[in-house]
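Below is one structure, written out as structure tokens; comments come after it.
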Amino acid sequence: MAKVLMKGNEAIGEAAIRAGCLNYFAYPITPQSEVAEYLVRRMPEVGGVFLQGESEVAVGYMIFGAAGAGERVFTTSSSPGISLMSEAISYIAAAQCPAVFVNIMRGGPGLGGILPSQADYLQATKGIGHGDCRLLVMAPASVQEAVEMVMKAFPLAEKYRNPVMILGDGLIGQMMEPVEFPDHLKTEPTNKDAWATNGMDHRKANTRNLVKSLFLDPVQLNDNNLALKAKYDRMRAEEVMSESYHTDGDYKGLIVSYGTMSRVCRTAIDMLAADGIDVGMVRPQTVFPFPEQAVAEAANKPSCTHVLSIEMSMGQMIEDVERSVQGRVPVSWYGKCGGDIPTPEEVIDVVKERIA
């Protein structure tokens, strides 16, 4: 199909519809409110459902209810809104229900600001809810990639019976780029008869499905957590995605960056190369599971003497980078988290100071 110029938030909403999701529950919060504005019109056109909850807390449990009934469902929010949904996300993960959450991040902590940020990395990858729960988290670097990740998120959520999150900074939601919606990424919801509360008439006689997160027996709770861990380990084995840039030859420094910050870094790398300074980059496309092997292999190149984690946060990703590098070379951080985006020139200055 032909490409169409769309704002990121609107493209995210359309991508969900094209993926086969017709249930969207949400509460407005900047900088992602255009998703709801778009879908309040589009969902009725395609026979879908849009409901605005009275709060993000309510939305989280609306998602839980629809997911438990076997429906494809998703929501979009921004940092404080995701915090309010985090209890429900933990329930959804514990009950092994598929759902898709999109976080178009703003700065923080607290109310922070509405400008672009990547300040929710730790929340998304390590602290999304109480207990031993994890999400599969994808981080797009363009509106087109956000479209494709949203469309892939629904079958992935169903594959693992687990929440999936798209983690985008404010630029992903607010900028306009040409996009297309690949037909091959449209999928049908998988059969939920084996576990969902979708009505006895859909299943064999005398079979009951129970969706729950309460396990008062310590043996049962431990078994459930072991089953969840097995899923997360499978994600690590099967779902890691990353992109390498300028890593074929020798380079003295390696940048690890994700989202739109990685696009700034790519420009800086090209400008450095023109000056005879070779720097490579690994861009995580999944931040859980993190591409540890790709980062380790790139950092282990004999010519590499330093690794830079460049983020629009106060260094939240650096822990994953350091774990991947395992002390092979020094690792340091550079970034901002007030809404100002580091420029290619600023990245170049940091590279020259620490690496060149």
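Residue numbers start at 1 in each chain; chains themselves are named A, B, ... in the order of the structure tokens; ligands are numbered from 1 in the order shown.
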So which residues touch range 296-309 of chain A within 9 Å, counting only C-alpha atoms, skipping near sequence neighbours fewer than 4 positions away, as a ChimeraX atom specification? /A:244,247,250-257,279-282,291-292,315,317-318,321-326,328-335,351,354-355
Provide the CA of Gln118 in chain A to CA of Ser313 in chain A distance in Å, to one decimal place. 5.3 Å
Mind the document's chain letters and residue numbers, and return as a PyMOL selection string the residues of range 114-216 of chain A that DSSP labels alpha helix (DSSP H). chain A and resi 121-126+143-160+170-174
Expected answer as a PyMOL selection string: strand (DSSP E) residues in range 167-325 of chain A: chain A and resi 167-169+176-179+242-245+253-256+279-284+286-288+306-311
Residues just named, written with N, CA, C and O atoms as a tab-separated table (two decimals), in the first residue's frame:
```tsv
chain	number	residue	atom	x	y	z
A	167	LEU	N	7.64	1.16	24.12
A	167	LEU	CA	8.22	2.24	24.89
A	167	LEU	C	8.77	3.29	23.93
A	167	LEU	O	9.81	3.10	23.30
A	168	GLY	N	8.04	4.40	23.81
A	168	GLY	CA	8.45	5.46	22.89
A	168	GLY	C	8.63	6.77	23.61
A	168	GLY	O	7.87	7.10	24.53
A	169	ASP	N	9.63	7.55	23.22
A	169	ASP	CA	9.77	8.88	23.79
A	169	ASP	C	8.76	9.82	23.11
A	169	ASP	O	8.12	9.46	22.12
A	176	MET	N	5.72	13.75	12.69
A	176	MET	CA	5.03	13.20	11.53
A	176	MET	C	6.06	12.59	10.58
A	176	MET	O	7.08	13.21	10.29
A	177	GLU	N	5.79	11.39	10.11
A	177	GLU	CA	6.64	10.72	9.13
A	177	GLU	C	5.76	9.90	8.18
A	177	GLU	O	4.64	9.51	8.55
A	178	PRO	N	6.26	9.60	6.99
A	178	PRO	CA	5.51	8.72	6.09
A	178	PRO	C	5.49	7.30	6.65
A	178	PRO	O	6.52	6.79	7.09
A	179	VAL	N	4.33	6.67	6.63
A	179	VAL	CA	4.22	5.31	7.15
A	179	VAL	C	3.36	4.47	6.22
A	179	VAL	O	2.55	4.98	5.44
A	242	SER	N	17.89	-6.22	17.85
A	242	SER	CA	18.77	-5.05	17.89
A	242	SER	C	19.26	-4.76	16.49
A	242	SER	O	19.13	-5.58	15.58
A	243	GLU	N	19.81	-3.58	16.33
A	243	GLU	CA	20.37	-3.15	15.04
A	243	GLU	C	21.78	-2.62	15.29
A	243	GLU	O	22.00	-1.83	16.21
A	244	SER	N	22.72	-3.06	14.48
A	244	SER	CA	24.09	-2.58	14.59
A	244	SER	C	24.38	-1.59	13.46
A	244	SER	O	23.88	-1.76	12.33
A	245	TYR	N	25.17	-0.57	13.77
A	245	TYR	CA	25.50	0.46	12.78
A	245	TYR	C	26.99	0.76	12.84
A	245	TYR	O	27.55	0.99	13.91
A	253	GLY	N	35.45	3.38	19.59
A	253	GLY	CA	34.40	3.54	20.58
A	253	GLY	C	33.09	2.93	20.11
A	253	GLY	O	32.85	2.78	18.90
A	254	LEU	N	32.25	2.57	21.06
A	254	LEU	CA	30.94	1.98	20.77
A	254	LEU	C	29.88	2.76	21.52
A	254	LEU	O	30.01	3.03	22.72
A	255	ILE	N	28.83	3.16	20.81
A	255	ILE	CA	27.67	3.81	21.42
A	255	ILE	C	26.54	2.80	21.52
A	255	ILE	O	26.30	2.02	20.60
A	256	VAL	N	25.86	2.79	22.64
A	256	VAL	CA	24.62	2.04	22.79
A	256	VAL	C	23.52	3.06	23.04
A	256	VAL	O	23.59	3.84	24.00
A	279	VAL	N	33.39	5.16	14.98
A	279	VAL	CA	32.60	4.78	16.15
A	279	VAL	C	31.46	3.89	15.68
A	279	VAL	O	30.83	4.17	14.66
A	280	GLY	N	31.19	2.82	16.41
A	280	GLY	CA	30.07	1.94	16.07
A	280	GLY	C	28.90	2.16	17.02
A	280	GLY	O	29.00	2.89	18.01
A	281	MET	N	27.78	1.54	16.70
A	281	MET	CA	26.61	1.66	17.57
A	281	MET	C	25.80	0.37	17.54
A	281	MET	O	25.64	-0.25	16.50
A	282	VAL	N	25.29	-0.01	18.71
A	282	VAL	CA	24.28	-1.05	18.83
A	282	VAL	C	23.00	-0.38	19.32
A	282	VAL	O	23.03	0.31	20.35
A	283	ARG	N	21.92	-0.57	18.58
A	283	ARG	CA	20.63	0.00	18.96
A	283	ARG	C	19.70	-1.10	19.43
A	283	ARG	O	19.24	-1.91	18.63
A	284	PRO	N	19.39	-1.16	20.73
A	284	PRO	CA	18.40	-2.13	21.19
A	284	PRO	C	17.02	-1.80	20.61
A	284	PRO	O	16.56	-0.65	20.71
A	286	THR	N	14.55	-4.29	21.29
A	286	THR	CA	13.89	-4.74	22.51
A	286	THR	C	14.79	-4.32	23.67
A	286	THR	O	16.00	-4.52	23.63
A	287	VAL	N	14.19	-3.71	24.69
A	287	VAL	CA	14.97	-3.36	25.89
A	287	VAL	C	14.73	-4.36	27.00
A	287	VAL	O	15.49	-4.44	27.95
A	288	PHE	N	13.64	-5.12	26.93
A	288	PHE	CA	13.55	-6.42	27.60
A	288	PHE	C	12.87	-7.38	26.63
A	288	PHE	O	11.73	-7.15	26.25
A	306	HIS	N	36.21	1.92	24.61
A	306	HIS	CA	35.25	2.60	25.48
A	306	HIS	C	33.84	2.40	24.94
A	306	HIS	O	33.64	2.36	23.72
A	307	VAL	N	32.87	2.29	25.85
A	307	VAL	CA	31.47	2.17	25.46
A	307	VAL	C	30.70	3.31	26.11
A	307	VAL	O	30.84	3.57	27.31
A	308	LEU	N	29.88	3.97	25.31
A	308	LEU	CA	29.06	5.09	25.78
A	308	LEU	C	27.59	4.70	25.72
A	308	LEU	O	27.09	4.30	24.67
A	309	SER	N	26.89	4.82	26.84
A	309	SER	CA	25.44	4.68	26.86
A	309	SER	C	24.84	6.07	26.76
A	309	SER	O	24.99	6.89	27.67
A	310	ILE	N	24.20	6.36	25.64
A	310	ILE	CA	23.67	7.71	25.39
A	310	ILE	C	22.15	7.64	25.40
A	310	ILE	O	21.54	6.93	24.61
A	311	GLU	N	21.54	8.39	26.33
A	311	GLU	CA	20.12	8.26	26.59
A	311	GLU	C	19.50	9.63	26.91
A	311	GLU	O	20.20	10.55	27.31
```
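For Glu37 in chain A, the set of protein, DNA and RNA residues having any atom at most 10 Å away, when counting only C-alpha atoms and skipping those fewer than 2 positions along the same chain, is Asn9, Glu10, Gly13, Pro28, Gln32, Ser33, Glu34, Val35, Leu39, Val40, Arg41 and Arg42 of chain A.
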Keeping only N, CA and C atoms, write those residues as a PDB file, in the first residue's frame.
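File produced: out_0.pdb:
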```
ATOM      1  N   ASN A   9       1.328   9.420  17.086  1.00  0.00           N
ATOM      2  CA  ASN A   9       0.243   8.939  17.929  1.00  0.00           C
ATOM      3  C   ASN A   9      -0.917   8.393  17.103  1.00  0.00           C
ATOM      4  N   GLU A  10      -1.269   9.077  16.036  1.00  0.00           N
ATOM      5  CA  GLU A  10      -2.364   8.615  15.192  1.00  0.00           C
ATOM      6  C   GLU A  10      -1.987   7.327  14.469  1.00  0.00           C
ATOM      7  N   GLY A  13      -2.456   4.367  16.768  1.00  0.00           N
ATOM      8  CA  GLY A  13      -3.847   3.959  16.849  1.00  0.00           C
ATOM      9  C   GLY A  13      -4.298   3.179  15.636  1.00  0.00           C
ATOM     10  N   PRO A  28      -6.846  10.313  28.944  1.00  0.00           N
ATOM     11  CA  PRO A  28      -5.936  11.249  28.263  1.00  0.00           C
ATOM     12  C   PRO A  28      -4.793  11.733  29.145  1.00  0.00           C
ATOM     13  N   GLN A  32       0.492  11.815  24.624  1.00  0.00           N
ATOM     14  CA  GLN A  32      -0.049  10.756  23.776  1.00  0.00           C
ATOM     15  C   GLN A  32      -1.557  10.876  23.559  1.00  0.00           C
ATOM     16  N   SER A  33      -2.150  12.000  23.967  1.00  0.00           N
ATOM     17  CA  SER A  33      -3.607  12.116  23.930  1.00  0.00           C
ATOM     18  C   SER A  33      -4.197  12.010  22.519  1.00  0.00           C
ATOM     19  N   GLU A  34      -3.382  12.280  21.509  1.00  0.00           N
ATOM     20  CA  GLU A  34      -3.908  12.181  20.141  1.00  0.00           C
ATOM     21  C   GLU A  34      -4.296  10.764  19.756  1.00  0.00           C
ATOM     22  N   VAL A  35      -3.728   9.754  20.433  1.00  0.00           N
ATOM     23  CA  VAL A  35      -4.153   8.380  20.150  1.00  0.00           C
ATOM     24  C   VAL A  35      -5.640   8.241  20.465  1.00  0.00           C
ATOM     25  N   LEU A  39      -8.748   7.561  17.927  1.00  0.00           N
ATOM     26  CA  LEU A  39      -9.522   6.318  18.014  1.00  0.00           C
ATOM     27  C   LEU A  39     -10.963   6.542  18.453  1.00  0.00           C
ATOM     28  N   VAL A  40     -11.252   7.664  19.103  1.00  0.00           N
ATOM     29  CA  VAL A  40     -12.649   7.925  19.435  1.00  0.00           C
ATOM     30  C   VAL A  40     -13.476   8.084  18.156  1.00  0.00           C
ATOM     31  N   ARG A  41     -12.828   8.471  17.080  1.00  0.00           N
ATOM     32  CA  ARG A  41     -13.501   8.538  15.778  1.00  0.00           C
ATOM     33  C   ARG A  41     -13.378   7.242  15.005  1.00  0.00           C
ATOM     34  N   ARG A  42     -12.187   6.660  15.001  1.00  0.00           N
ATOM     35  CA  ARG A  42     -11.926   5.499  14.137  1.00  0.00           C
ATOM     36  C   ARG A  42     -12.577   4.214  14.636  1.00  0.00           C
TER      37      ARG A  42
END
```
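Across A:Val59, A:Ala141, A:Leu156, A:Ile277, the tightest approach to Gly173 in chain A is made by A:Ala141 when counting only C-alpha atoms.
The interatomic distance for the pair CA of Asn103 in chain A and CA of Ala268 in chain A works out to 27.0 Å.
Between CA of Val137 in chain A and CA of Tyr121 in chain A the interatomic distance comes to 9.5 Å.
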Within 10 Å of Tyr232 in chain A, counting only C-alpha atoms, which residues show up once you throw out same-chain ones fewer than 5 positions away? Write them as number ranges by chain, please. A: 133-136, 160, 162, 226-227, 237-239, 288-289
Which polymer residues have any atom within 8 Å of an atom of range 347-349 of chain A, counting only C-alpha atoms, with same-chain residues fewer than 4 positions away left out, as a VMD selection string? chain A and resid 265 268 to 269 272 342 to 343 353
Could those residues be written to a file, using C-alpha atoms, as an mmCIF file, in the first residue's frame?
```cif
data_model
loop_
_atom_site.group_PDB
_atom_site.id
_atom_site.type_symbol
_atom_site.label_atom_id
_atom_site.label_comp_id
_atom_site.auth_asym_id
_atom_site.auth_seq_id
_atom_site.Cartn_x
_atom_site.Cartn_y
_atom_site.Cartn_z
ATOM 1 C CA CYS A 265 23.788 9.234 17.454
ATOM 2 C CA ALA A 268 26.976 12.004 14.911
ATOM 3 C CA ILE A 269 28.664 8.744 13.873
ATOM 4 C CA LEU A 272 32.719 11.587 13.033
ATOM 5 C CA PRO A 342 21.328 16.118 22.848
ATOM 6 C CA THR A 343 22.449 17.346 19.436
ATOM 7 C CA GLU A 353 36.503 13.787 25.002
#
```
Would you list the contacts of Leu185 in chain A as a PyMOL selection string, taking every protein, DNA or RNA residue within 8 Å and counting only C-alpha atoms, but skipping same-chain residues closer than 6 positions in sequence? chain A and resi 19+148+151-152
With C-alpha atoms retained, could you export that selection as a short mmCIF file (atom, residue, chain, number, x, y, z; two decimals), in the first residue's frame?
```cif
data_model
loop_
_atom_site.label_atom_id
_atom_site.label_comp_id
_atom_site.auth_asym_id
_atom_site.auth_seq_id
_atom_site.Cartn_x
_atom_site.Cartn_y
_atom_site.Cartn_z
CA ALA A 19 -3.37 -5.53 13.57
CA GLU A 148 5.32 -2.34 12.95
CA MET A 151 1.23 -4.68 14.93
CA LYS A 152 3.68 -7.34 16.13
#
```
